Every structure is written in structure tokens, then in C-alpha cells.
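Take a look at the structure below.
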Amino acid sequence: MSSVSVSPDELKDRIEAAIPGTLADVSGDGHHFEAKVEGPAFAGLSRIAQHKLVYDVFGAELGDRIHALSLKITPTEAR
Amino acid sequence: MSESASNPMREAIASAISENPVILFMKGTPEAPACGFSARTVAVLEALDQPFAAVNILPDPAIRQELSAVSGWPTIPQLFVDGELVGGCDIITEMFQSGELQKLLGVDAAGAGEPEPAAAVDAAPLSIENLL
């Protein structure tokens with residue numbers, strides 16, 4: 001278990017960089033985070049698939065240096 | 001999956017998922033959840049009067065490791081209905097609020113539905129950790 005804290009901005013930047021067209025609004029205390037994420041990449045996907053898309057950005061860091069990441073995902077229309 | 005034959009933990013998890021219509025993998029127990037997300041998910045199921053099997057993943061890190069390998073889902077809790085991963089705390093909460101969870105579980109959204117057949121689900125916590 002890592003105790004080095006993670007900045008919400010790092011999570012925001014990584015989500016937006018990894019999933020094209022996505023906007024992320026991340027808050028958190030360095031270990032537990034809440035992210036509001038929206039973008040066209042989520043349109044037409046099941047909830048499970050939407051969440052996995054974001055989880056996959058962080059892989060094994062979830063549950064480790066990122067203790068918890070609560071997601072609120074909103075699909076938007078493709079531009 | 002051919003490797004499951006040599007992986008008793010993964011096999012135990014897979015059969016628990018297929019044998020229990022509603023099963024929650026969580027941190028702690030329904031009576032004493034050890035994490036806020038697990039607690040919130042238990043509270044949703046209890047608000048619906050939904051019997052469910054529960055597995056505490058804390059006693060052995062291998063439970064969580066193998067569960068995530070089976071489900072492809074990295075976080076805890078994980079709720080399965082009829083063998084399918086429904087989601088974690090965020091998804092369960094969203095589906096509860098929208099009424100989709102009630103539909104999926106076949107419970108009356110008003111909460112005052114017909115009495116459930118009590119024997120439908122064994123609600124006792126499973127002890128996968130004992131299979132090691």
C-alpha cells in the first residue's frame with residue numbers, strides 16, 4: 001500500500017489524455033477521488049464498459065496508490 | 001479457461017458467482033462492512049429487501065486478485081446478478097436511484113412487493129477463504 005499522495009490534477013490530465021474528447025472534473029484527498037467524466041467515447045456503452053474505460057487508464061494503480069475512484073460518467077454526443 | 005483447473009481459488013470464485021443468483025464481494029461483512037463503498041452497496045440491497053450471498057475479500061489478498069481476474073473489474077465491491085457483473089458502488093447506487101436495479105432484481109420499486117420465497121437465496125456469508 002503506497003502512502004504517497006496523488007493529485008486530482010494528475011488524474012484529470014491522464015483521463016483526458018487517454019480518452020479523446022473527454023472532460024474530467026476530479027476532486028480528492030490524495031487517496032480517495034471523485035471524478036465527473038463526460039465525453040463521446042462513452043456513448044452507446046454499458047455502464048460496466050464506461051467505467052472500465054476509465055479504470056483502464058490507471059490499471060493496477062487502482063486500489064494501490066489510488067485507493068478509491070468514484071465515477072460519475074456522462075456520455076455526450078460525438079462532435 | 002484452461003488455467004482454472006489448476007487454480008482452486010479462481011474456480012471457487014467462479015462457482016460462487018454461478019451458484020448464487022445475487023452475490024456481493026465486499027470488504028468486511030454485511031453486518032460489519034469495512035469500507036464505505038461496501039457499506040453503501042449493502043445498504044442498497046437491504047433497502048430493497050434483497051437476499052444476497054456475501055463474500056468478504058479481506059481475509060486473503062488472493063481472493064481479490066482472482067476475483068478481478070475473473071471479472072475484469074479492479075475495485076471492490078462487486079455485485080453479480082445471475083452470473084453477470086452488474087458493477088461496483090457507483091453503478092449500483094445509480095441503478096438504484098433510476099429504478100434499473102429494482103427491475104434487474106425483480107423487486108417492487110415501491111418496496112411493498114409480494115413476500116419473497118425465503119429459500120430463494122442462501123444469504124449466509126460464503127467462506128471462500130476456507131477453501132485454501
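In the C-alpha cells, each chain is lettered A, B, ... as it comes, each chain's residues begin at 1, and ligands are numbered from 1 in order of appearance.
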Residues of chain B within 8 Å of chain A: nearest atom pair and distance (Å, one decimal) for each, counting only C-alpha atoms, sorted by chain and number, as a Markdown table?
| residue | atom | partner | partner_atom | distance |
| --- | --- | --- | --- | --- |
| B:Trp73 | CA | A:Lys52 | CA | 7.2 |
| B:Pro74 | CA | A:Leu62 | CA | 6.9 |
| B:Thr75 | CA | A:Gly63 | CA | 6.6 |
| B:Val86 | CA | A:Ile48 | CA | 7.1 |
| B:Gly87 | CA | A:Ile48 | CA | 6.2 |
| B:Asp90 | CA | A:Ser70 | CA | 6.4 |
| B:Ile91 | CA | A:Arg47 | CA | 6.9 |
Go ahead and save the picked residues with C-alpha atoms, as an mmCIF file, in the first residue's frame.
data_model
loop_
_atom_site.group_PDB
_atom_site.id
_atom_site.type_symbol
_atom_site.label_atom_id
_atom_site.label_comp_id
_atom_site.auth_asym_id
_atom_site.auth_seq_id
_atom_site.Cartn_x
_atom_site.Cartn_y
_atom_site.Cartn_z
ATOM 1 C CA TRP B 73 -13.107 -5.296 -12.637
ATOM 2 C CA PRO B 74 -10.401 -3.788 -10.448
ATOM 3 C CA THR B 75 -12.287 -2.412 -7.463
ATOM 4 C CA VAL B 86 -23.516 -5.535 -12.542
ATOM 5 C CA GLY B 87 -20.955 -3.149 -11.121
ATOM 6 C CA ASP B 90 -21.227 3.878 -8.143
ATOM 7 C CA ILE B 91 -23.145 1.814 -10.674
#
Q: Write out as a PyMOL selection string each polymer residue whose atoms come within 7 Å of range 6-8 of chain A, counting only C-alpha atoms; drop sequence neighbours fewer than 2 positions from it.
A: chain A and resi 4+10-12+26-28+30-31
Q. Pick from B:Met9, B:Val44, B:Val107, B:Leu101: nearest to Asp60 in chain B, with only C-alpha atoms counted?
A. B:Met9
For Phe42 in chain A, work out the shell of residues within 8 Å, counting only C-alpha atoms and skipping chain neighbours fewer than 6 positions away, then give it as a PDB file with N, CA and C atoms, in the first residue's frame.
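Contents of result.pdb, freshly written:
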ATOM      1  N   GLN A  50     -18.338   1.648 -19.638  1.00  0.00           N
ATOM      2  CA  GLN A  50     -17.960   3.053 -19.404  1.00  0.00           C
ATOM      3  C   GLN A  50     -16.951   3.160 -18.270  1.00  0.00           C
ATOM      4  N   ILE A  73     -20.212   9.148 -14.766  1.00  0.00           N
ATOM      5  CA  ILE A  73     -19.888   9.239 -16.187  1.00  0.00           C
ATOM      6  C   ILE A  73     -21.106   9.672 -17.001  1.00  0.00           C
ATOM      7  N   THR A  74     -20.914  10.664 -17.838  1.00  0.00           N
ATOM      8  CA  THR A  74     -21.984  11.138 -18.707  1.00  0.00           C
ATOM      9  C   THR A  74     -21.540  11.044 -20.165  1.00  0.00           C
ATOM     10  N   PRO A  75     -22.200  10.189 -20.948  1.00  0.00           N
ATOM     11  CA  PRO A  75     -21.869  10.141 -22.375  1.00  0.00           C
ATOM     12  C   PRO A  75     -22.379  11.403 -23.059  1.00  0.00           C
ATOM     13  N   THR A  76     -21.628  11.923 -23.994  1.00  0.00           N
ATOM     14  CA  THR A  76     -22.100  13.061 -24.784  1.00  0.00           C
ATOM     15  C   THR A  76     -22.106  12.659 -26.252  1.00  0.00           C
TER      16      THR A  76
END
Q: Can you work out the spacing between CA of Val55 in chain B and CA of Lys27 in chain B in Å, to one decimal?
A: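 Value for the CA of Val55 in chain B-CA of Lys27 in chain B distance: 8.2 Å.
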**Q.** Counting only C-alpha atoms, the option among A:Leu53, A:Asp9, A:Pro40, A:Ala78 closest to Gly72 in chain B
**A.**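 The closest residue to Gly72 in chain B is A:Leu53.
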Q) Separation of CA of Ile23 in chain B and CA of Ala47 in chain B, in Å? A)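 Pair CA of Ile23 in chain B / CA of Ala47 in chain B returns 15.8 Å.
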Q: List every residue of range 3-40 of chain B that DSSP, applied to the backbone, labels as alpha helix (DSSP H), and write the result as a ChimeraX atom specification.
A: /B:8-19,36-40
Export of the given selection (C-alpha atoms) as a PDB file, in the first residue's frame:
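Once written, result_16.pdb looks like this:
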ATOM      1  CA  PRO B   8      -8.750 -23.639  -6.873  1.00  0.00           C
ATOM      2  CA  MET B   9      -9.339 -20.073  -5.698  1.00  0.00           C
ATOM      3  CA  ARG B  10     -10.402 -18.871  -9.118  1.00  0.00           C
ATOM      4  CA  GLU B  11     -12.588 -21.922  -9.516  1.00  0.00           C
ATOM      5  CA  ALA B  12     -14.225 -21.364  -6.124  1.00  0.00           C
ATOM      6  CA  ILE B  13     -14.965 -17.751  -7.021  1.00  0.00           C
ATOM      7  CA  ALA B  14     -16.373 -18.673 -10.421  1.00  0.00           C
ATOM      8  CA  SER B  15     -18.672 -21.316  -8.952  1.00  0.00           C
ATOM      9  CA  ALA B  16     -19.814 -18.986  -6.155  1.00  0.00           C
ATOM     10  CA  ILE B  17     -20.767 -16.467  -8.849  1.00  0.00           C
ATOM     11  CA  SER B  18     -22.651 -19.023 -10.911  1.00  0.00           C
ATOM     12  CA  GLU B  19     -24.376 -20.700  -7.967  1.00  0.00           C
ATOM     13  CA  GLY B  36     -17.728   2.953   2.967  1.00  0.00           C
ATOM     14  CA  PHE B  37     -18.316   1.754  -0.594  1.00  0.00           C
ATOM     15  CA  SER B  38     -19.115  -1.766   0.554  1.00  0.00           C
ATOM     16  CA  ALA B  39     -21.373  -0.360   3.272  1.00  0.00           C
ATOM     17  CA  ARG B  40     -23.293   1.745   0.772  1.00  0.00           C
TER      18      ARG B  40
END
Q) To one decimal place, how far is CA of Pro20 in chain A from CA of Glu38 in chain A in Å? A)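 Spanning CA of Pro20 in chain A to CA of Glu38 in chain A is a straight-line distance of 10.7 Å.
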Q: Go through chain A and collect every residue that DSSP, computed from the backbone, puts in strand (DSSP E); the answer should be as an MDAnalysis selection string.
A: chainID A and resid 23:28 32:39 68:75
Q: Compare B:Glu94, B:Ser68, B:Leu85, B:Ile76 by their minimum atom-to-atom distance to Pro21 in chain B, counting only C-alpha atoms, and give me the closest one.
A: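 Of all the options, B:Leu85 lies closest to Pro21 in chain B.
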